[in-house]
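Visitor: Before we start, here is the structure in question, set down as structure tokens.
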Amino acid sequence: MKALIYSFLFCFSYANASEFNIRFAHFMPQNSWQSEKMFNGWKNAVEEESNGRISVTVYPAQTLGKAPAGYDNTIRGITDIAWTVQGYTAGRFPLSQIIELPGLFDKGIVGSCAFQKLYNSGALDEEYKDVKVLYVHTHGVGHLHTRNKKIATLEDIKGLKIRRPTNVIAGLISEMDAESIGMPAPTIYQNVKRGVIDGYMLPWEAVDSFRTYEVSKQHLEFGFYSLAFVTAMNKRTYERLPDDLKQVIDDNSGMKWSLTAGKGFDTADVIGLEKVKAKGGIVSQLPEAEKAKLQKMAAKTSRDYISNLDNKGLPATQTLKQIKQYITQCRAEHG
């Protein structure tokens with residue numbers, strides 16, 4: 001009993017010793033690997049390096065705002081930090097979302113490294129002018145998962161209602177003559193179960209994290225896309241910190257945490273694929289001829305996206321060139 005009391009008093013004193021409390025919101029389940037490795041990992045690092053002067057309260061599973069509202073909630077100060085998906089606010093991050101185009105890379109750590117290098121170059125400053133970016137990253141490649149229908153050819157995809165990960169990939173779904181439907185990842189499970197959608201695109205780790213293997217038994221393994229993420233901080237929250245505590249935040253920003261995220265997604269993809277198979281999921285591959293057709297469709301989607309941005313006066317062609325250069329560098333650095 002005494003030990004319990006001492007433990008409580010220690011925690012109470014530690015909380016009172018904190019000069020600043022930072023609220024960190026995300027939409028993943030509390031028991032997800034992201035919650036442990038990324039969000040609580042960041043929390044622990046900041047609290048330790050600030051000697052307890054900063055405390056971080058993590059709000060998982062949309063408990064401090066719905067997933068699509070994460071970025072705006074950060075700007076407004078509803079939360080101090082949010083981890084969110086750029087594609088949840090369509091058209092807001094057009095240059096950032098070039099990293100999502102299909103076929104650029106096949107590992108989350110490579111995509112994350114390249115995306116962070118692009119951000120560090122200043123090429124994306126205008127897109128994130130309203131927040132302090134802690135780090136950006138990607139996951140690995142996303143695949144197509146359907147409730148019951150096995151996809152053996154592209155003809156099998158025609159007419160299906162597919163949850164698109166972002167508007168960038170909506171064009172690819174349309175090229176396959178399927179219906180593109182937008183919704184946040186946490187809602188996929190119920191929408192598949194209810195028959196609102198026939199399938200969805202997610203990487204293996206997310207199929208595991210959101211347990212969507214329970215409502216989809218057919219899985220087509222093909223790298224359709226990769227998703228862009230940002231961990232953003234409210235500027236006013238950051239500016240209120242004294243210089244030494246700003247340095248703690250700065251020391252826990254940038255490439256270090258981008259690579260932590262990318263590597264974590266790659267590891268979780270392996271675990272997720274094993275889980276899907278263990279739960280009776282059927283994993284298929286397209287025949288080579290069908291892969292070639294799909295690659296042509298993906299190339300058209302990429303050309304159309306870049307051309308559309310160029311026509312709007314945005315430096316899309318130059319940004320894509322930068323990304324490809326960074327991907328080459330990151331493959332050399334991280335495999």
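Within each chain, counting starts at residue 1; across the structure tokens, chains are named A, B, ... in the order shown, with ligands numbered 1 upward in that order.
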DSSP on the backbone: what in stretch 13-222 of chain A comes out alpha helix (DSSP H), as a PyMOL selection string?
Guide: chain A and resi 13-17+33+40-49+70-76+108-120+167-175+188-193+204-209
Visitor: Might you pull out every residue within 10 Å of stretch 155-166 of chain A, with only C-alpha atoms counted and same-chain residues fewer than 3 positions away left off, and present them as a PyMOL selection string?
Guide: chain A and resi 85-91+97+100+142+144-146+149-152+169-185+188+191-192+195-202+225-228+290
Visitor: Keeping only N, CA and C atoms, take the residues you just selected and write them out as a compact mmCIF listing (two decimals), in the first residue's frame.
Guide:
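And here is the file that came out, selection04.txt:
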```txt
# COMPACT_ATOMS: atom_id res chain seq x y z
N VAL A 85 -2.93 12.78 -42.19
CA VAL A 85 -2.69 12.45 -43.60
C VAL A 85 -2.99 13.68 -44.44
N GLN A 86 -2.04 14.08 -45.28
CA GLN A 86 -2.25 15.25 -46.11
C GLN A 86 -3.49 15.10 -47.00
N GLY A 87 -3.74 13.89 -47.46
CA GLY A 87 -4.86 13.66 -48.36
C GLY A 87 -6.23 13.82 -47.73
N TYR A 88 -6.29 13.95 -46.40
CA TYR A 88 -7.58 14.16 -45.75
C TYR A 88 -8.12 15.57 -46.01
N THR A 89 -7.27 16.47 -46.47
CA THR A 89 -7.71 17.81 -46.86
C THR A 89 -7.34 17.99 -48.33
N ALA A 90 -8.23 17.55 -49.20
CA ALA A 90 -7.95 17.44 -50.64
C ALA A 90 -7.52 18.76 -51.24
N GLY A 91 -6.45 18.71 -52.03
CA GLY A 91 -5.97 19.86 -52.77
C GLY A 91 -5.12 20.83 -51.97
N GLN A 97 1.92 15.68 -52.13
CA GLN A 97 1.28 14.43 -52.51
C GLN A 97 1.86 13.80 -53.77
N GLU A 100 3.08 10.38 -53.26
CA GLU A 100 2.11 9.28 -53.22
C GLU A 100 1.93 8.58 -54.56
N GLY A 142 0.77 0.43 -50.64
CA GLY A 142 -0.56 -0.04 -50.33
C GLY A 142 -1.07 -1.01 -51.38
N LEU A 144 -4.55 -3.74 -52.71
CA LEU A 144 -5.99 -3.75 -52.86
C LEU A 144 -6.59 -4.94 -52.13
N HIS A 145 -7.57 -4.67 -51.30
CA HIS A 145 -8.20 -5.69 -50.48
C HIS A 145 -9.71 -5.67 -50.73
N THR A 146 -10.29 -6.83 -50.99
CA THR A 146 -11.71 -6.92 -51.28
C THR A 146 -12.40 -7.89 -50.32
N LYS A 149 -14.44 -10.98 -53.35
CA LYS A 149 -14.13 -11.18 -54.75
C LYS A 149 -12.63 -11.26 -55.00
N LYS A 150 -12.18 -12.35 -55.58
CA LYS A 150 -10.78 -12.48 -55.94
C LYS A 150 -10.51 -11.68 -57.21
N ILE A 151 -9.41 -10.92 -57.20
CA ILE A 151 -9.02 -10.12 -58.36
C ILE A 151 -7.92 -10.87 -59.10
N ALA A 152 -8.28 -11.45 -60.24
CA ALA A 152 -7.31 -12.20 -61.06
C ALA A 152 -6.87 -11.40 -62.27
N ILE A 169 -4.84 9.05 -55.93
CA ILE A 169 -5.06 7.69 -56.42
C ILE A 169 -6.45 7.51 -56.99
N ALA A 170 -7.32 8.50 -56.82
CA ALA A 170 -8.66 8.42 -57.40
C ALA A 170 -8.58 8.24 -58.92
N GLY A 171 -7.59 8.91 -59.53
CA GLY A 171 -7.43 8.80 -60.98
C GLY A 171 -7.10 7.38 -61.41
N LEU A 172 -6.28 6.68 -60.63
CA LEU A 172 -5.92 5.30 -60.96
C LEU A 172 -7.14 4.39 -60.83
N ILE A 173 -7.94 4.61 -59.80
CA ILE A 173 -9.15 3.81 -59.63
C ILE A 173 -10.10 4.02 -60.80
N SER A 174 -10.20 5.27 -61.23
CA SER A 174 -11.05 5.57 -62.38
C SER A 174 -10.53 4.91 -63.65
N GLU A 175 -9.20 4.88 -63.81
CA GLU A 175 -8.59 4.22 -64.97
C GLU A 175 -8.95 2.74 -65.00
N MET A 176 -9.17 2.16 -63.85
CA MET A 176 -9.53 0.75 -63.76
C MET A 176 -11.04 0.54 -63.87
N ASP A 177 -11.78 1.64 -64.17
CA ASP A 177 -13.24 1.60 -64.31
C ASP A 177 -13.94 1.14 -63.05
N ALA A 178 -13.37 1.50 -61.90
CA ALA A 178 -14.00 1.26 -60.62
C ALA A 178 -14.51 2.59 -60.06
N GLU A 179 -15.36 2.50 -59.05
CA GLU A 179 -15.91 3.71 -58.43
C GLU A 179 -15.04 4.10 -57.23
N SER A 180 -14.54 5.33 -57.24
CA SER A 180 -13.65 5.82 -56.19
C SER A 180 -14.47 6.48 -55.09
N ILE A 181 -14.30 6.01 -53.85
CA ILE A 181 -15.06 6.53 -52.72
C ILE A 181 -14.08 6.97 -51.63
N GLY A 182 -14.24 8.18 -51.14
CA GLY A 182 -13.36 8.70 -50.11
C GLY A 182 -13.91 8.49 -48.71
N MET A 183 -13.04 8.11 -47.78
CA MET A 183 -13.40 7.99 -46.37
C MET A 183 -12.12 7.80 -45.56
N PRO A 184 -12.09 8.26 -44.30
CA PRO A 184 -10.92 8.05 -43.46
C PRO A 184 -10.69 6.56 -43.17
N ALA A 185 -9.45 6.20 -42.96
CA ALA A 185 -9.10 4.80 -42.72
C ALA A 185 -9.85 4.18 -41.54
N ILE A 188 -13.13 2.30 -42.50
CA ILE A 188 -13.16 1.26 -43.53
C ILE A 188 -13.86 -0.01 -43.04
N ASN A 191 -17.62 0.15 -43.11
CA ASN A 191 -18.16 0.35 -44.46
C ASN A 191 -18.00 -0.89 -45.34
N VAL A 192 -16.96 -1.68 -45.11
CA VAL A 192 -16.86 -2.97 -45.80
C VAL A 192 -17.91 -3.92 -45.25
N GLY A 195 -21.26 -3.25 -46.60
CA GLY A 195 -21.40 -3.31 -48.05
C GLY A 195 -21.40 -1.97 -48.74
N VAL A 196 -21.03 -0.92 -48.02
CA VAL A 196 -20.95 0.41 -48.63
C VAL A 196 -19.84 0.44 -49.68
N ILE A 197 -18.74 -0.27 -49.39
CA ILE A 197 -17.65 -0.42 -50.34
C ILE A 197 -17.34 -1.90 -50.53
N ASP A 198 -16.80 -2.22 -51.71
CA ASP A 198 -16.42 -3.60 -52.02
C ASP A 198 -14.98 -3.88 -51.65
N GLY A 199 -14.18 -2.84 -51.57
CA GLY A 199 -12.77 -3.02 -51.26
C GLY A 199 -12.11 -1.71 -50.91
N TYR A 200 -10.83 -1.76 -50.63
CA TYR A 200 -10.10 -0.60 -50.16
C TYR A 200 -8.62 -0.81 -50.41
N MET A 201 -7.87 0.28 -50.39
CA MET A 201 -6.42 0.21 -50.53
C MET A 201 -5.76 0.58 -49.20
N LEU A 202 -4.92 -0.31 -48.70
CA LEU A 202 -4.16 -0.08 -47.47
C LEU A 202 -2.87 -0.89 -47.53
N TYR A 225 0.21 2.51 -54.36
CA TYR A 225 0.45 3.88 -53.90
C TYR A 225 1.24 3.83 -52.60
N SER A 226 1.69 5.00 -52.14
CA SER A 226 2.17 5.18 -50.77
C SER A 226 1.58 6.49 -50.25
N LEU A 227 1.34 6.54 -48.98
CA LEU A 227 0.62 7.67 -48.40
C LEU A 227 1.58 8.64 -47.71
N ALA A 228 1.26 9.93 -47.82
CA ALA A 228 2.03 10.98 -47.15
C ALA A 228 1.41 11.30 -45.79
N GLU A 290 -1.09 -8.55 -66.90
CA GLU A 290 -2.00 -7.64 -66.19
C GLU A 290 -1.22 -6.59 -65.42
```
Visitor: Neighbouring residues of A:Gly264 were defined as those with any atom within 8 Å, considering only C-alpha atoms; residues of the same chain fewer than 2 positions away were excluded. Please report them as an NGL selection string.
Guide: :A and (33-34 or 37 or 260-262 or 266-268)
Visitor: Using C-alpha atoms, can you write the selected residues to a file as an mmCIF file, in the first residue's frame?
Guide:
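Writing the result to out_29.cif gives the following:
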```cif
data_model
loop_
_atom_site.group_PDB
_atom_site.id
_atom_site.type_symbol
_atom_site.label_atom_id
_atom_site.label_comp_id
_atom_site.auth_asym_id
_atom_site.auth_seq_id
_atom_site.Cartn_x
_atom_site.Cartn_y
_atom_site.Cartn_z
ATOM 1 C CA TRP A 33 2.522 -0.065 -32.991
ATOM 2 C CA GLN A 34 2.403 3.615 -34.016
ATOM 3 C CA LYS A 37 6.866 3.397 -31.161
ATOM 4 C CA THR A 260 11.679 5.939 -37.192
ATOM 5 C CA ALA A 261 8.243 6.091 -38.798
ATOM 6 C CA GLY A 262 9.315 4.693 -42.163
ATOM 7 C CA ASP A 266 8.170 -1.536 -43.028
ATOM 8 C CA THR A 267 8.510 -3.815 -40.009
ATOM 9 C CA ALA A 268 4.773 -3.663 -39.374
#
```
Visitor: Could you pull the residues within 8 Å of stretch 28-30 of chain A, counting only C-alpha atoms, minus those fewer than 2 positions along the same chain, as a ChimeraX atom specification?
Guide: /A:26,32,34-35,60-62,186,209-210
Visitor: Keeping only C-alpha atoms, write those residues as a PDB file, in the first residue's frame.
Guide:
```
ATOM      1  CA  HIS A  26      -3.712  10.874 -33.625  1.00  0.00           C
ATOM      2  CA  SER A  32      -1.214   0.055 -32.408  1.00  0.00           C
ATOM      3  CA  GLN A  34       2.403   3.615 -34.016  1.00  0.00           C
ATOM      4  CA  SER A  35       1.025   4.505 -30.616  1.00  0.00           C
ATOM      5  CA  PRO A  60      -5.347   8.144 -29.571  1.00  0.00           C
ATOM      6  CA  ALA A  61      -8.159   6.901 -31.794  1.00  0.00           C
ATOM      7  CA  GLN A  62      -9.717  10.282 -32.708  1.00  0.00           C
ATOM      8  CA  PRO A 186     -10.759   4.252 -39.296  1.00  0.00           C
ATOM      9  CA  SER A 209      -3.942  -2.181 -37.130  1.00  0.00           C
ATOM     10  CA  PHE A 210      -7.553  -1.588 -38.178  1.00  0.00           C
TER      11      PHE A 210
END
```
Visitor: Report as a ChimeraX atom specification all protein, DNA and RNA residues lying within 9 Å of A:Tyr59, evaluated on only C-alpha atoms, omitting residues in the same chain fewer than 5 positions from it.
Guide: /A:23-27,30,64
Visitor: Taking only C-alpha atoms into account, which of A:Asp72, A:Asp304, A:Asp250, A:Glu288 comes nearest A:Thr317?
Guide: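 Residue with the minimum atom-to-atom distance to A:Thr317: A:Asp304.
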Visitor: I need the residues in stretch 128-262 of chain A that are strand (DSSP E) according to DSSP; give them as a PyMOL selection string.
Guide: chain A and resi 132-138+142-146+161-164+179-182+199-202+218-225+228-233
Visitor: How many Å lie between atom CA of A:Val230 and atom CA of A:Trp257, rounded to one decimal?
Guide: 11.0 Å
Visitor: Nearest residue to A:Gln325 out of A:Met38, A:Ile78, A:Ala45, A:Leu104, using only C-alpha atoms?
Guide: A:Leu104
Visitor: Output as a Markdown table one row per residue of stretch 209-268 of chain A within 12 Å of stretch 278-287 of chain A: the closest atom pair and its distance in Å to one decimal place, counting only C-alpha atoms, sorted by chain and residue number ascending.
Guide:
```
| residue | atom | partner | partner_atom | distance |
| --- | --- | --- | --- | --- |
| A:Arg211 | CA | A:Lys279 | CA | 10.5 |
| A:Thr212 | CA | A:Gly281 | CA | 10.7 |
| A:Tyr213 | CA | A:Gly281 | CA | 7.1 |
| A:Glu214 | CA | A:Lys279 | CA | 8.0 |
| A:Val215 | CA | A:Gly281 | CA | 10.0 |
| A:Ser216 | CA | A:Gly281 | CA | 7.7 |
| A:Lys217 | CA | A:Gly281 | CA | 4.7 |
| A:Gln218 | CA | A:Ile282 | CA | 5.1 |
| A:His219 | CA | A:Val283 | CA | 4.7 |
| A:Leu220 | CA | A:Ser284 | CA | 4.9 |
| A:Glu221 | CA | A:Gln285 | CA | 5.6 |
| A:Phe222 | CA | A:Gln285 | CA | 7.1 |
| A:Gly223 | CA | A:Gln285 | CA | 10.8 |
```
Visitor: Write to file, as a PDB file, in the first residue's frame, the residues of the selection just made, with C-alpha atoms.
Guide:
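Writing the result to part.pdb gives the following:
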```pdb
ATOM      1  CA  ARG A 211      -8.346  -5.331 -38.165  1.00  0.00           C
ATOM      2  CA  THR A 212      -9.910  -5.081 -41.615  1.00  0.00           C
ATOM      3  CA  TYR A 213      -8.735  -8.642 -42.341  1.00  0.00           C
ATOM      4  CA  GLU A 214     -11.857  -9.613 -40.393  1.00  0.00           C
ATOM      5  CA  VAL A 215     -14.117  -8.207 -43.149  1.00  0.00           C
ATOM      6  CA  SER A 216     -11.980  -8.782 -46.265  1.00  0.00           C
ATOM      7  CA  LYS A 217     -10.614 -12.165 -47.283  1.00  0.00           C
ATOM      8  CA  GLN A 218      -9.164 -11.401 -50.714  1.00  0.00           C
ATOM      9  CA  HIS A 219      -5.935  -9.423 -51.027  1.00  0.00           C
ATOM     10  CA  LEU A 220      -4.204  -8.338 -54.240  1.00  0.00           C
ATOM     11  CA  GLU A 221      -0.536  -7.621 -53.590  1.00  0.00           C
ATOM     12  CA  PHE A 222       0.492  -4.831 -55.930  1.00  0.00           C
ATOM     13  CA  GLY A 223       2.121  -1.503 -55.009  1.00  0.00           C
TER      14      GLY A 223
END
```
Visitor: With only C-alpha atoms as the atoms that count, which of A:Met233, A:Leu95, A:Ala67, A:Ile109 lies nearest to A:Asp310?
Guide: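 Among A:Met233, A:Leu95, A:Ala67, A:Ile109, it is A:Leu95 that comes nearest to A:Asp310.
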Visitor: Please list as a list in words every residue within 10 Å of A:Leu134, counting only C-alpha atoms and excluding residues in the same chain fewer than 5 positions away.
Guide: Ile81, Ala82, Trp83, Val230, Thr231, Ala232, Met233, Ile249, Asp250, Asp251, Asn252, Ser253, Gly254, Met255, Trp257 and Ser258 of chain A
Visitor: At what distance in Å, to one decimal, does atom CA of A:Val141 lie from atom CA of A:Ser302?
Guide: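 Going from atom CA of A:Ser302 over to atom CA of A:Val141 covers 15.6 Å.
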